[in-house]
file structure17.cif (mmCIF, C-alpha atoms)
data_coords
loop_
_atom_site.label_atom_id
_atom_site.label_comp_id
_atom_site.auth_asym_id
_atom_site.auth_seq_id
_atom_site.Cartn_x
_atom_site.Cartn_y
_atom_site.Cartn_z
CA MET A 118 -5.20 -16.47 -8.57
CA VAL A 119 -3.17 -13.37 -9.27
CA GLN A 120 -4.03 -9.74 -9.64
CA ASN A 121 -0.96 -8.21 -11.29
CA GLU A 122 -2.45 -4.92 -12.35
CA GLY A 123 -0.59 -1.88 -13.69
CA ARG A 124 -1.90 1.59 -14.39
CA LEU A 125 -0.13 4.56 -15.95
CA HIS A 126 -0.74 8.10 -14.73
CA ALA A 127 1.10 10.96 -16.43
CA VAL A 128 1.72 14.30 -14.75
CA THR A 129 3.61 17.28 -16.16
CA GLU A 130 5.53 19.45 -13.73
CA ASP A 131 7.04 22.89 -14.35
CA LEU A 132 10.37 22.50 -12.53
CA GLN A 133 10.77 26.27 -12.13
CA ASN A 134 7.32 27.16 -10.84
CA ARG A 135 6.55 23.80 -9.20
CA HIS A 136 3.10 23.97 -10.79
CA GLN A 137 1.55 20.63 -11.61
CA THR A 138 -1.03 19.96 -14.29
CA TRP A 139 -2.51 16.70 -15.51
CA ALA A 140 -1.05 15.57 -18.84
CA SER A 141 -3.20 12.51 -19.23
CA ASN A 142 -6.75 12.31 -20.52
CA ARG A 143 -7.38 9.25 -18.42
CA PRO A 144 -9.69 9.55 -15.42
CA ARG A 145 -7.94 10.31 -12.16
CA ASP A 146 -7.16 7.27 -10.10
CA PRO A 147 -9.81 6.83 -7.39
CA MET A 148 -7.25 6.47 -4.63
CA LEU A 149 -6.18 9.07 -2.10
CA ALA A 150 -3.76 11.94 -2.66
CA LEU A 151 -1.55 13.23 0.12
CA TYR A 152 -0.59 16.82 0.78
CA LYS A 153 2.93 17.55 1.97
CA HIS A 154 1.39 19.38 4.93
CA GLY A 155 -0.13 16.18 6.23
CA HIS A 156 -3.63 16.25 4.74
CA TYR A 157 -4.85 14.04 1.96
CA ARG A 158 -7.37 15.27 -0.55
CA GLU A 159 -11.04 14.52 -0.76
CA GLN A 160 -11.10 14.30 -4.56
CA HIS A 161 -12.22 10.78 -5.28
CA LYS A 162 -14.16 8.72 -7.79
CA PRO A 163 -16.15 5.61 -6.91
CA GLU A 164 -13.96 2.55 -6.86
CA GLU A 165 -14.20 0.29 -9.88
CA SER A 166 -15.40 -3.21 -9.23
CA GLN A 167 -12.58 -5.69 -8.67
CA PRO A 168 -12.44 -9.42 -9.40
CA LYS A 169 -13.27 -11.65 -6.48
CA LEU A 170 -9.76 -12.90 -5.97
CA LEU A 171 -10.33 -15.12 -3.01
CA GLU A 172 -13.81 -16.41 -3.78
CA GLU A 173 -14.12 -20.16 -4.00
CA GLU A 174 -17.53 -21.42 -5.00
CA GLY A 175 -19.40 -23.40 -2.39
CA GLN A 176 -17.20 -22.48 0.55
CA GLN A 177 -18.21 -20.45 3.57
CA LYS A 178 -16.47 -17.40 5.06
CA ALA A 179 -15.80 -19.00 8.46
CA ASN A 180 -13.40 -21.83 9.23
CA ARG A 181 -11.51 -21.46 6.00
CA ILE A 182 -7.90 -20.89 5.02
CA VAL A 183 -7.37 -19.62 1.48
CA ASP A 184 -3.83 -19.62 0.08
CA ILE A 185 -3.29 -17.35 -2.94
CA ASP A 186 -0.11 -16.64 -4.94
CA HIS A 187 0.18 -12.97 -5.95
CA VAL A 188 3.64 -13.19 -7.65
CA TYR A 189 5.26 -10.90 -5.06
CA TYR A 190 3.35 -12.28 -2.07
CA THR A 191 1.49 -15.38 -1.02
CA SER A 192 -1.57 -14.57 1.05
CA LYS A 193 -3.49 -16.70 3.52
CA VAL A 194 -6.93 -15.69 4.78
CA TYR A 195 -7.99 -17.11 8.12
CA GLY A 196 -11.63 -17.32 9.19
CA PRO A 197 -13.03 -16.72 12.71
CA GLY A 198 -12.69 -20.39 13.62
CA ASP A 199 -9.07 -20.75 12.53
CA ALA A 200 -6.38 -20.73 15.23
CA PRO A 201 -4.11 -18.19 13.44
CA SER A 202 -6.86 -15.58 13.61
CA LYS A 203 -6.46 -15.60 17.38
CA TYR A 204 -2.68 -15.57 17.77
CA LEU A 205 -2.08 -13.10 14.93
CA TRP A 206 -4.03 -10.47 16.83
CA VAL A 207 -1.72 -8.44 19.12
CA ASN A 208 -3.55 -7.77 22.38
CA ILE A 209 -2.58 -4.34 23.69
CA SER A 210 -4.11 -5.07 27.09
CA GLU A 211 -1.35 -7.60 27.70
CA MET A 212 1.41 -5.07 27.08
CA LYS A 213 2.82 -2.27 29.16
CA ARG A 214 1.13 1.05 28.55
CA GLU A 215 4.40 2.84 27.78
CA GLU A 216 5.20 0.36 25.01
CA TRP A 217 2.35 1.69 22.87
CA LYS A 218 2.51 5.15 21.36
CA VAL A 219 -0.73 6.97 20.63
CA LEU A 220 -0.65 9.13 17.50
CA ARG A 221 -2.60 12.02 19.00
CA LEU A 222 -2.92 13.97 15.76
CA LEU A 223 -4.48 10.97 14.05
CA SER A 224 -6.70 10.19 17.05
CA SER A 225 -8.85 13.30 16.83
CA THR A 226 -9.12 14.29 13.19
CA HIS A 227 -10.13 13.34 9.66
CA ARG A 228 -7.93 12.71 6.61
CA GLN A 229 -4.57 13.22 8.26
CA ILE A 230 -1.22 11.45 8.07
CA GLU A 231 1.78 11.12 10.36
CA ARG A 232 5.29 9.88 9.57
CA VAL A 233 6.79 7.13 11.77
CA ASN A 234 10.41 5.94 11.77
CA LEU A 235 11.00 2.21 12.04
CA SER A 236 13.62 0.70 14.34
CA PHE A 237 14.31 -1.96 11.70
CA SER A 238 14.40 -2.26 7.92
CA PHE A 239 11.12 -3.52 6.50
CA PRO A 240 11.26 -5.18 3.05
CA PHE A 241 8.29 -4.17 0.89
CA TYR A 242 8.26 -5.59 -2.65
CA GLY A 243 11.98 -6.18 -2.11
CA HIS A 244 12.73 -2.57 -1.13
CA LEU A 245 13.95 -1.83 2.40
CA LEU A 246 11.88 0.82 4.19
CA LYS A 247 13.01 2.71 7.29
CA GLU A 248 9.92 4.89 7.67
CA ILE A 249 6.25 4.74 6.81
CA THR A 250 3.30 7.15 6.85
CA ILE A 251 0.19 6.22 8.84
CA ALA A 252 -3.17 7.65 7.76
CA THR A 253 -6.45 8.02 9.63
CA GLY A 254 -8.09 6.27 6.69
CA GLY A 255 -7.00 2.79 7.74
CA PHE A 256 -3.87 2.43 5.63
CA ILE A 257 -0.10 2.98 5.56
CA TYR A 258 1.57 4.92 2.75
CA THR A 259 4.96 3.35 1.94
CA GLY A 260 6.46 5.90 -0.46
CA ASP A 261 9.19 8.38 0.43
CA VAL A 262 7.83 11.16 -1.81
CA LEU A 263 4.41 12.62 -1.02
CA HIS A 264 3.56 12.96 -4.69
CA GLN A 265 -0.08 12.78 -5.57
CA MET A 266 -0.10 9.61 -7.65
CA LEU A 267 2.60 7.77 -5.73
CA ALA A 268 0.51 8.21 -2.64
CA ALA A 269 -2.39 6.80 -4.60
CA THR A 270 -0.65 3.51 -5.25
CA GLN A 271 2.05 2.74 -2.66
CA TYR A 272 0.03 1.48 0.27
CA ILE A 273 -0.55 -1.25 2.82
CA ALA A 274 -4.27 -1.21 3.59
CA PRO A 275 -5.81 -3.48 6.22
CA LEU A 276 -9.03 -1.49 5.71
CA MET A 277 -8.87 1.74 3.74
CA ALA A 278 -12.09 3.70 4.32
CA ASN A 279 -13.43 7.10 5.33
CA PHE A 280 -12.64 6.93 9.04
CA ASP A 281 -12.96 10.05 11.18
CA THR A 282 -11.42 9.78 14.64
CA SER A 283 -12.85 13.14 15.72
CA LEU A 284 -16.31 11.59 15.99
CA SER A 285 -15.54 9.78 19.25
CA LYS A 286 -13.24 10.35 22.20
CA ASN A 287 -12.69 6.60 22.31
CA SER A 288 -11.16 6.49 18.83
CA THR A 289 -7.37 6.19 18.71
CA VAL A 290 -4.62 5.34 16.26
CA LEU A 291 -1.61 3.83 17.99
CA TYR A 292 1.50 1.82 17.21
CA TYR A 293 4.07 -0.45 18.81
CA ASP A 294 7.62 -1.16 17.60
CA ASN A 295 9.56 -3.94 19.34
CA GLY A 296 12.62 -3.89 17.10
CA THR A 297 11.52 -6.68 14.77
CA ALA A 298 7.88 -5.79 14.14
CA LEU A 299 5.67 -2.72 13.93
CA VAL A 300 2.00 -2.96 14.91
CA VAL A 301 -0.42 -0.19 13.95
CA GLN A 302 -3.94 -0.31 15.38
CA TRP A 303 -6.99 1.71 14.42
CA ASN A 304 -9.00 1.40 17.62
CA GLN A 305 -12.76 1.96 17.84
CA VAL A 306 -12.86 4.22 14.79
CA HIS A 307 -16.02 5.39 13.05
CA LEU A 308 -16.87 6.06 9.44
CA GLN A 309 -17.58 9.70 8.79
CA ASP A 310 -20.52 9.47 6.43
CA ILE A 311 -22.65 6.93 8.28
CA ASN A 312 -22.82 5.40 11.76
CA LEU A 313 -22.29 1.69 11.27
CA GLY A 314 -20.57 1.06 14.59
CA THR A 315 -16.94 0.94 15.67
CA PHE A 316 -14.09 -0.68 13.75
CA THR A 317 -10.97 -2.08 15.43
CA PHE A 318 -8.21 -3.63 13.31
CA GLN A 319 -4.43 -3.89 13.00
CA VAL A 320 -1.58 -4.28 10.58
CA THR A 321 1.74 -5.80 11.62
CA LEU A 322 4.92 -5.32 9.57
CA HIS A 323 7.63 -7.88 10.34
CA SER A 324 11.34 -7.44 9.66
CA ASP A 325 11.29 -10.54 7.45
CA GLY A 326 8.71 -8.88 5.17
CA ARG A 327 5.60 -10.63 6.45
CA ILE A 328 2.48 -8.48 6.63
CA ILE A 329 -0.44 -9.34 8.90
CA PHE A 330 -3.93 -7.84 8.77
CA ALA A 331 -5.96 -8.68 11.88
CA TYR A 332 -9.54 -7.72 12.63
CA LYS A 333 -11.28 -7.53 15.99
CA GLU A 334 -14.40 -5.45 15.30
CA ILE A 335 -15.89 -5.24 11.83
CA PRO A 336 -19.57 -4.37 12.37
CA VAL A 337 -20.70 -4.62 8.73
CA ASP A 338 -19.89 -6.34 5.47
CA ILE A 339 -17.08 -4.21 4.02
CA ASN A 340 -18.75 -4.40 0.61
CA ASP A 341 -21.59 -2.33 2.09
CA ILE A 342 -19.29 0.60 2.97
CA ASN A 343 -19.89 3.53 0.64
CA SER A 344 -16.85 4.36 -1.50
CA LYS A 345 -18.14 7.52 -3.17
CA SER A 346 -16.29 9.92 -0.86
CA HIS A 347 -13.33 7.66 -0.06
CA PRO A 348 -11.93 4.44 -1.54
CA VAL A 349 -12.56 1.19 0.31
CA LYS A 350 -9.71 -1.27 -0.18
CA VAL A 351 -7.97 -4.18 1.50
CA GLY A 352 -4.55 -5.12 0.17
CA LEU A 353 -1.17 -3.88 -1.07
CA SER A 354 0.15 -1.78 -3.93
CA ASP A 355 3.49 -0.53 -5.21
CA ALA A 356 4.62 1.74 -8.04
CA PHE A 357 7.59 3.47 -9.65
CA MET A 358 8.02 6.89 -11.22
CA VAL A 359 9.88 7.74 -14.43
CA LEU A 360 10.74 11.27 -15.61
CA HIS A 361 10.66 12.17 -19.33
CA ASN A 362 11.92 15.38 -20.93
CA ILE A 363 9.31 17.12 -23.10
CA GLU A 364 11.15 18.50 -26.14
CA GLN A 365 8.40 20.91 -27.14
CA ILE A 366 8.32 22.62 -23.73
CA HIS A 367 11.54 23.98 -22.29
CA ASN A 368 12.49 22.94 -18.77
CA VAL A 369 9.44 20.72 -18.26
CA ARG A 370 9.62 17.04 -17.45
CA ARG A 371 6.78 14.58 -17.55
CA ARG A 372 6.26 12.17 -14.70
CA THR A 373 4.89 8.75 -15.54
CA ILE A 374 3.76 6.77 -12.53
CA TYR A 375 3.22 3.08 -12.99
CA GLU A 376 1.50 0.90 -10.45
CA TYR A 377 3.29 -2.30 -11.36
CA HIS A 378 1.54 -4.60 -8.88
CA ARG A 379 -1.46 -4.72 -6.58
CA VAL A 380 -2.79 -7.33 -4.19
CA ASN A 381 -6.53 -7.13 -3.60
CA ILE A 382 -8.01 -9.16 -0.77
CA LEU A 383 -11.67 -10.00 -1.19
CA LYS A 384 -13.59 -7.75 1.18
CA SER A 385 -16.32 -10.24 1.92
CA LYS A 386 -13.74 -12.44 3.70
CA ILE A 387 -13.09 -9.76 6.31
CA SER A 388 -15.20 -9.88 9.46
CA ASN A 389 -14.82 -10.10 13.26
CA SER A 390 -11.89 -12.31 14.33
CA THR A 391 -10.43 -12.84 10.87
CA ALA A 392 -6.85 -12.34 9.72
CA VAL A 393 -4.80 -12.14 6.53
CA GLU A 394 -1.17 -13.21 6.40
CA MET A 395 0.97 -12.14 3.44
CA LEU A 396 4.35 -13.80 2.95
CA PRO A 397 6.90 -12.14 0.63
CA LEU A 398 8.21 -14.14 -2.31
CA PRO A 399 11.76 -13.81 -3.72
CA THR A 400 12.51 -10.84 -6.00
CA CYS A 401 15.46 -9.96 -8.22
CA LEU A 402 16.56 -7.29 -5.76
CA GLN A 403 17.75 -9.90 -3.30
CA PHE A 404 20.70 -10.95 -5.52
CA SER A 405 23.97 -9.06 -5.05
CA SER A 406 26.08 -10.58 -7.85
CA CYS A 407 25.70 -11.31 -11.54
CA GLY A 408 25.77 -15.11 -11.56
CA PRO A 409 22.97 -15.82 -9.11
CA CYS A 410 20.96 -12.95 -10.63
CA VAL A 411 20.89 -14.08 -14.27
CA THR A 412 20.54 -17.77 -13.43
CA SER A 413 17.79 -17.32 -10.87
CA GLN A 414 14.51 -19.14 -11.35
CA ILE A 415 12.13 -17.22 -9.11
CA GLY A 416 9.39 -16.32 -11.57
CA PHE A 417 10.97 -13.03 -12.70
CA ASN A 418 13.24 -12.25 -15.67
CA CYS A 419 16.18 -10.94 -13.65
CA SER A 420 18.95 -8.93 -15.34
CA TRP A 421 22.28 -7.70 -13.95
CA CYS A 422 23.40 -4.09 -14.39
CA SER A 423 27.17 -3.84 -13.93
CA ARG A 424 27.08 -0.04 -13.73
CA LEU A 425 24.77 -0.12 -10.75
CA GLN A 426 25.89 -3.49 -9.41
CA ARG A 427 22.23 -4.33 -9.10
CA CYS A 428 19.88 -7.15 -10.08
CA SER A 429 16.41 -6.18 -11.27
CA SER A 430 13.49 -7.18 -13.44
CA GLY A 431 13.04 -3.54 -14.46
CA PHE A 432 9.82 -3.42 -12.48
CA ASP A 433 10.68 -1.80 -9.15
CA ARG A 434 11.06 1.60 -7.51
CA ASN A 435 14.53 2.11 -9.01
CA ARG A 436 13.26 2.07 -12.58
CA GLN A 437 14.42 5.64 -13.29
CA GLU A 438 18.01 4.91 -12.27
CA TRP A 439 17.95 1.66 -14.22
CA VAL A 440 17.05 3.58 -17.38
CA ASP A 441 19.41 6.51 -16.76
CA PHE A 442 22.42 4.19 -16.41
CA GLY A 443 21.58 2.27 -19.58
CA CYS A 444 20.93 -1.01 -17.79
CA PRO A 445 19.57 -4.02 -19.69
CA GLU A 446 16.18 -3.10 -21.06
CA VAL A 447 13.09 -5.05 -20.17
CA VAL A 448 10.23 -4.96 -22.64
CA LEU A 449 7.57 -2.78 -21.06
CA HIS A 450 4.65 -3.01 -23.43
CA ILE A 451 2.66 -0.79 -21.11
CA PHE A 452 4.82 2.20 -22.10
CA ALA A 453 4.11 1.80 -25.81
CA PHE A 454 1.12 4.14 -25.82
CA LEU A 455 2.84 7.07 -24.07
#

call {"tool": "encode", "arguments": {"input": "structure17.cif", "output": "structure tokens"}}
result
Amino acid sequence: MVQNEGRLHAVTEDLQNRHQTWASNRPRDPMLALYKHGHYREQHKPEESQPKLLEEEGQQKANRIVDIDHVYYTSKVYGPGDAPSKYLWVNISEMKREEWKVLRLLSSTHRQIERVNLSFSFPFYGHLLKEITIATGGFIYTGDVLHQMLAATQYIAPLMANFDTSLSKNSTVLYYDNGTALVVQWNQVHLQDINLGTFTFQVTLHSDGRIIFAYKEIPVDINDINSKSHPVKVGLSDAFMVLHNIEQIHNVRRRTIYEYHRVNILKSKISNSTAVEMLPLPTCLQFSSCGPCVTSQIGFNCSWCSRLQRCSSGFDRNRQEWVDFGCPEVVLHIFAFL
């Protein structure tokens, strides 16, 4: 099964006054927004119901491996009785104390973020990342611009929820970078709005693009977590931004943000001692010359742009540059109603 979902969000920005107003009549996306000063907003709508991507009728949650193709990633969900659930969990007690770094700001607060530089390049949807932003809310923001809607879509979320680390002295957010992998752990964190117990879980980003979600303590069914004050999500998302000049208004450009792909992992599959492994699939961005690009058969319609010396499907973070340089156009039906 595949969830290849795109959403458009238009924002107008006065480039002189830096004042942003919403130019779309669509409801605001229910995801988080990040402030440049490190906070992310509380404005949030209840999350819309999502298809049960990993549900297979008649099968139980435990002792089950589900393999799903998401176009950009293939995901495998391991139950409590599966061997990978054990070895995919990184045990901090077996490592030297100085190898782990505690993010002290994120370990005693609510709705905060902190930027972390990577010692390696991490490929995410084919784009190489050298830094990420860790949030108290159980997710990583992968964008390089803390724009409201980009922050709402570009994420890696082992368990995005309304966690508040100031509620307990035992709550910590920490990370470990060994040169080929980054592990981020939300340790003994509590939900702010209700006491359901402590949550302990990890995400591991590997230099080859693999992403691992691992769960040690999940005291409740994630579907029972209230999403009215904060979204509750497990999965991935990426987006691109395109700027349009508005002829009727001088010196104003309109930002259109398109979430071109999202991976949703079924929440009911997440419990104590479970894990999710996501393996990256080939993308057009991996090709560095025209021939292999245009003849590739990887599930994408790859085109070569000689001006940029780049291969692309038109659906990636470099969309703006692709358009500005007059690269081969890809039919984007989603833009027709703008």

call {"tool": "resolve_selection", "arguments": {"input": "structure17.cif", "expression": "the PyMOL selection byres ((chain A and resi 423-435) around 7)", "output": "list of chain:residue names"}}
result
A:Ala356, A:Phe357, A:Tyr377, A:Cys401, A:Leu402, A:Phe404, A:Ser405, A:Cys410, A:Phe417, A:Asn418, A:Cys419, A:Ser420, A:Trp421, A:Cys422, A:Arg436, A:Gln437, A:Glu438, A:Trp439, A:Phe442, A:Val447

call {"tool": "closest_residue", "arguments": {"input": "structure17.cif", "among": "A:Asp294, A:Ile415, A:Ala392, A:Tyr272", "to": "A:Lys218", "atoms": "only C-alpha atoms"}}
result
A:Asp294

call {"tool": "atom_distance", "arguments": {"input": "structure17.cif", "atom1": "atom CA of A:Gly352", "atom2": "atom CA of A:Leu245"}}
result
18.9 Å

call {"tool": "closest_residue", "arguments": {"input": "structure17.cif", "among": "A:Val233, A:Pro240, A:Asn279, A:Cys444", "to": "A:Ile311", "atoms": "only C-alpha atoms"}}
result
A:Asn279

call {"tool": "residues_around", "arguments": {"input": "structure17.cif", "residues": "A:Ile335", "least_positions_apart": "5", "cutoff": "10 Å", "atoms": "all atoms listed in the file", "output": "JSON, numbers by chain"}}
result
{"A": [276, 305, 313, 314, 315, 316, 317, 318, 387, 388, 389, 390, 391]}

call {"tool": "closest_residue", "arguments": {"input": "structure17.cif", "among": "A:Ser283, A:Ile257, A:Pro336, A:Leu291", "to": "A:Val351", "atoms": "all atoms listed in the file"}}
result
A:Ile257

call {"tool": "atom_distance", "arguments": {"input": "structure17.cif", "atom1": "atom CA of A:Arg372", "atom2": "atom CA of A:Thr400"}}
result
25.4 Å

call {"tool": "closest_residue", "arguments": {"input": "structure17.cif", "among": "A:Arg327, A:Lys333, A:Lys345, A:His378", "to": "A:Ser192", "atoms": "all atoms listed in the file"}}
result
A:Arg327

call {"tool": "closest_residue", "arguments": {"input": "structure17.cif", "among": "A:Ile339, A:Ser224, A:Ala269, A:Asp325", "to": "A:Lys286", "atoms": "only C-alpha atoms"}}
result
A:Ser224

call {"tool": "build_atoms", "arguments": {"input": "structure17.cif", "residues": "stretch 332-342 of chain A", "atoms": "all heavy atoms", "output": "PDB file, keeping the file's coordinate frame"}}
result
ATOM      1  N   TYR A 332      -8.297  -8.447  12.451  1.00  0.00           N
ATOM      2  CA  TYR A 332      -9.540  -7.720  12.630  1.00  0.00           C
ATOM      3  C   TYR A 332     -10.260  -8.188  13.890  1.00  0.00           C
ATOM      4  O   TYR A 332     -10.522  -9.376  14.065  1.00  0.00           O
ATOM      5  CB  TYR A 332     -10.454  -7.922  11.412  1.00  0.00           C
ATOM      6  CG  TYR A 332      -9.771  -7.565  10.113  1.00  0.00           C
ATOM      7  CD1 TYR A 332      -9.042  -8.520   9.402  1.00  0.00           C
ATOM      8  CD2 TYR A 332      -9.824  -6.266   9.606  1.00  0.00           C
ATOM      9  CE1 TYR A 332      -8.395  -8.197   8.227  1.00  0.00           C
ATOM     10  CE2 TYR A 332      -9.181  -5.932   8.420  1.00  0.00           C
ATOM     11  CZ  TYR A 332      -8.467  -6.906   7.743  1.00  0.00           C
ATOM     12  OH  TYR A 332      -7.817  -6.580   6.576  1.00  0.00           O
ATOM     13  N   LYS A 333     -10.566  -7.228  14.754  1.00  0.00           N
ATOM     14  CA  LYS A 333     -11.280  -7.530  15.990  1.00  0.00           C
ATOM     15  C   LYS A 333     -12.754  -7.161  15.879  1.00  0.00           C
ATOM     16  O   LYS A 333     -13.636  -7.955  16.186  1.00  0.00           O
ATOM     17  CB  LYS A 333     -10.646  -6.788  17.162  1.00  0.00           C
ATOM     18  CG  LYS A 333     -11.280  -7.097  18.510  1.00  0.00           C
ATOM     19  CD  LYS A 333     -10.567  -6.360  19.636  1.00  0.00           C
ATOM     20  CE  LYS A 333     -11.177  -6.688  20.992  1.00  0.00           C
ATOM     21  NZ  LYS A 333     -10.491  -5.956  22.090  1.00  0.00           N
ATOM     22  N   GLU A 334     -13.014  -5.924  15.451  1.00  0.00           N
ATOM     23  CA  GLU A 334     -14.400  -5.450  15.300  1.00  0.00           C
ATOM     24  C   GLU A 334     -14.632  -4.951  13.883  1.00  0.00           C
ATOM     25  O   GLU A 334     -14.060  -3.949  13.457  1.00  0.00           O
ATOM     26  CB  GLU A 334     -14.664  -4.283  16.267  1.00  0.00           C
ATOM     27  CG  GLU A 334     -14.716  -4.649  17.725  1.00  0.00           C
ATOM     28  CD  GLU A 334     -15.021  -3.427  18.578  1.00  0.00           C
ATOM     29  OE1 GLU A 334     -14.122  -2.564  18.716  1.00  0.00           O
ATOM     30  OE2 GLU A 334     -16.154  -3.319  19.075  1.00  0.00           O
ATOM     31  N   ILE A 335     -15.460  -5.657  13.161  1.00  0.00           N
ATOM     32  CA  ILE A 335     -15.890  -5.240  11.830  1.00  0.00           C
ATOM     33  C   ILE A 335     -17.419  -5.359  11.832  1.00  0.00           C
ATOM     34  O   ILE A 335     -17.968  -6.442  11.616  1.00  0.00           O
ATOM     35  CB  ILE A 335     -15.278  -6.113  10.724  1.00  0.00           C
ATOM     36  CG1 ILE A 335     -13.755  -6.095  10.812  1.00  0.00           C
ATOM     37  CG2 ILE A 335     -15.748  -5.619   9.356  1.00  0.00           C
ATOM     38  CD1 ILE A 335     -13.120  -4.746  10.554  1.00  0.00           C
ATOM     39  N   PRO A 336     -18.139  -4.275  12.113  1.00  0.00           N
ATOM     40  CA  PRO A 336     -19.570  -4.370  12.370  1.00  0.00           C
ATOM     41  C   PRO A 336     -20.447  -4.627  11.146  1.00  0.00           C
ATOM     42  O   PRO A 336     -21.620  -4.964  11.301  1.00  0.00           O
ATOM     43  CB  PRO A 336     -19.902  -3.004  12.995  1.00  0.00           C
ATOM     44  CG  PRO A 336     -18.870  -2.081  12.438  1.00  0.00           C
ATOM     45  CD  PRO A 336     -17.622  -2.910  12.301  1.00  0.00           C
ATOM     46  N   VAL A 337     -19.895  -4.448   9.942  1.00  0.00           N
ATOM     47  CA  VAL A 337     -20.700  -4.620   8.730  1.00  0.00           C
ATOM     48  C   VAL A 337     -19.879  -5.350   7.675  1.00  0.00           C
ATOM     49  O   VAL A 337     -18.662  -5.481   7.788  1.00  0.00           O
ATOM     50  CB  VAL A 337     -21.169  -3.261   8.158  1.00  0.00           C
ATOM     51  CG1 VAL A 337     -22.086  -2.549   9.138  1.00  0.00           C
ATOM     52  CG2 VAL A 337     -19.973  -2.390   7.799  1.00  0.00           C
ATOM     53  N   ASP A 338     -20.571  -5.805   6.637  1.00  0.00           N
ATOM     54  CA  ASP A 338     -19.890  -6.340   5.470  1.00  0.00           C
ATOM     55  C   ASP A 338     -19.157  -5.168   4.798  1.00  0.00           C
ATOM     56  O   ASP A 338     -19.762  -4.146   4.480  1.00  0.00           O
ATOM     57  CB  ASP A 338     -20.908  -6.952   4.504  1.00  0.00           C
ATOM     58  CG  ASP A 338     -20.252  -7.699   3.345  1.00  0.00           C
ATOM     59  OD1 ASP A 338     -19.162  -7.274   2.904  1.00  0.00           O
ATOM     60  OD2 ASP A 338     -20.830  -8.689   2.877  1.00  0.00           O
ATOM     61  N   ILE A 339     -17.861  -5.308   4.578  1.00  0.00           N
ATOM     62  CA  ILE A 339     -17.080  -4.210   4.020  1.00  0.00           C
ATOM     63  C   ILE A 339     -17.595  -3.801   2.640  1.00  0.00           C
ATOM     64  O   ILE A 339     -17.487  -2.646   2.228  1.00  0.00           O
ATOM     65  CB  ILE A 339     -15.591  -4.597   3.959  1.00  0.00           C
ATOM     66  CG1 ILE A 339     -15.063  -4.803   5.382  1.00  0.00           C
ATOM     67  CG2 ILE A 339     -14.754  -3.531   3.264  1.00  0.00           C
ATOM     68  CD1 ILE A 339     -13.637  -5.262   5.446  1.00  0.00           C
ATOM     69  N   ASN A 340     -18.179  -4.731   1.919  1.00  0.00           N
ATOM     70  CA  ASN A 340     -18.750  -4.400   0.610  1.00  0.00           C
ATOM     71  C   ASN A 340     -19.890  -3.395   0.715  1.00  0.00           C
ATOM     72  O   ASN A 340     -20.244  -2.741  -0.274  1.00  0.00           O
ATOM     73  CB  ASN A 340     -19.249  -5.665  -0.085  1.00  0.00           C
ATOM     74  CG  ASN A 340     -18.108  -6.488  -0.641  1.00  0.00           C
ATOM     75  OD1 ASN A 340     -17.251  -5.980  -1.357  1.00  0.00           O
ATOM     76  ND2 ASN A 340     -18.093  -7.772  -0.302  1.00  0.00           N
ATOM     77  N   ASP A 341     -20.482  -3.261   1.905  1.00  0.00           N
ATOM     78  CA  ASP A 341     -21.590  -2.330   2.090  1.00  0.00           C
ATOM     79  C   ASP A 341     -21.118  -0.920   2.454  1.00  0.00           C
ATOM     80  O   ASP A 341     -21.934  -0.006   2.574  1.00  0.00           O
ATOM     81  CB  ASP A 341     -22.534  -2.841   3.185  1.00  0.00           C
ATOM     82  CG  ASP A 341     -23.250  -4.117   2.775  1.00  0.00           C
ATOM     83  OD1 ASP A 341     -23.395  -4.342   1.560  1.00  0.00           O
ATOM     84  OD2 ASP A 341     -23.640  -4.896   3.672  1.00  0.00           O
ATOM     85  N   ILE A 342     -19.813  -0.729   2.653  1.00  0.00           N
ATOM     86  CA  ILE A 342     -19.290   0.600   2.970  1.00  0.00           C
ATOM     87  C   ILE A 342     -19.258   1.445   1.709  1.00  0.00           C
ATOM     88  O   ILE A 342     -18.723   1.028   0.681  1.00  0.00           O
ATOM     89  CB  ILE A 342     -17.882   0.514   3.595  1.00  0.00           C
ATOM     90  CG1 ILE A 342     -17.927  -0.303   4.892  1.00  0.00           C
ATOM     91  CG2 ILE A 342     -17.325   1.905   3.866  1.00  0.00           C
ATOM     92  CD1 ILE A 342     -16.564  -0.508   5.526  1.00  0.00           C
TER      93      ILE A 342
END
